[in-house]
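Working notes, beginning with the structure itself.
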Amino acid sequence: MTSLARTAHPFTTGTVALAFTALAIVVPAPAGTIVLYAIICLVAILTGAGRGVILGLVVVAPLWFLLFLMHGVLGDSPRVPAPWGGTLSHAGVALAAVQGSRLAAIVTASLAFASVFDPNRFMQAAIAHRWRFDLAYVVVATLDAAEQLTVHARRLREAQRTRGLRVRGSLAVRIRAVPALILPLILASLTDADDRTLALESRGMTIKGPRTAFDPPPDTRLDRAIRWGALLSVVAAMVWRVAR
């Protein structure tokens, strides 16, 4: 069963992700950003982008711990008793909550969008809306770069392991394996970029004029209502913060 996030218009999911990112900056922290983070997780799970929530937790959990350690444990006075013993910086804990919740909201919204991003549907939608092809492709290539690098890195790691390179074990062993993995990865990325350039040139990327979308995704009234609602919510939040 196809999820709602994947069947929605590509511009709708992108607009919602951008709106959540803007709201994470605008709404007051930590209460506002914590509530917003919960809303982002709920929306992502209900629409079929729950993988982005899991990836977001993997990314921000170490950052949360680092923020708590730097500001909460090692922060300045005044200090308050910790539940497990010792003391914590009152202002440091508040600062860690502010930075951590805001960062979690932005990262989760971005990764949820990236987890359901379909390059082909986005390109078809961009052509149907008369976007410049080169600009639309830059967006697609940027969002698709992380996945491509992950695929290349996985293949290179397995290839180097078959040649006897140790990529698992202690931290020292992993560090020694980095040059043997990074340099081929860079060369593979450059080769891939060159191949893509030749392919795009042969398909007339630089030719000016309108293009025809073969299978544009439907842009329904619901999609347009969601996009306008996301935009208005950001404007309303900005007006509210200024008026406070």
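In the structure tokens, chains take letters A, B, ... by order of appearance, with residues numbered from 1 within each chain and ligands from 1 in the order shown.
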Next on the checklist: I need the residues in range 24-102 of chain A that are alpha helix (DSSP H) according to DSSP; give them as number ranges by chain.
Outcome noted: A: 24-26, 31-46, 50-67, 90-102
Next on the checklist: Report as JSON, numbers by chain all protein, DNA and RNA residues lying within 6 Å of range 50-65 of chain A, evaluated on only C-alpha atoms, omitting residues in the same chain fewer than 3 positions from it.
Outcome noted: {"A": [41, 44, 45, 68, 100, 107, 108, 111, 112, 115]}
Checklist entry - So which one's closest to Ala8 in chain A, A:Leu222, A:Ala126, A:Ile40, A:Val239? Using only C-alpha atoms, please. => result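 Smallest separation from Ala8 in chain A among the options: A:Leu222.
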Checklist entry - Looking at A:Trp228, A:Phe113, A:Phe133, A:Phe20, which one is nearest to Tyr37 in chain A, with distances taken over only C-alpha atoms? => result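 Closest candidate: A:Phe20.
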Item to check | Residues flagged strand (DSSP E) by DSSP in range 23-165 of chain A, as number ranges by chain | outcome: A: 79-81, 87-89
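You can rank A:Pro218, A:Gly92, A:Pro30, A:Pro210 by their closest distance to Ala104 in chain A using only C-alpha atoms, and at the top of that list sits A:Pro30.
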Next on the checklist: From the options A:Arg241, A:Arg161, A:His90, A:Arg227, which residue's atoms come nearest to Val27 in chain A, counting only C-alpha atoms?
Outcome noted: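 Closest residue, counting only C-alpha atoms: A:Arg241.
In this model, the gap between CA of Ala105 in chain A and CA of Ala38 in chain A comes to 8.3 Å.
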Checklist outcome for this item: CA of Ile127 in chain A sits from CA of Ser233 in chain A at a separation of 27.8 Å
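Residue nearest Arg132 in chain A within the list A:Arg79, A:Arg211, A:Arg155, A:Arg6: A:Arg211 [criterion: smallest interatomic distance, only C-alpha atoms].
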Item to check | For Ala128 in chain A, the nearest of the candidates A:Phe11, A:Ala5, A:Thr142, A:Ile182, counting only C-alpha atoms | outcome: A:Phe11
Next on the checklist: Would you compute the distance between CA of Val242 in chain A and CA of Leu67 in chain A? Give it in Å to one decimal.
Outcome noted: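 Going from CA of Val242 in chain A over to CA of Leu67 in chain A, I get 28.5 Å.
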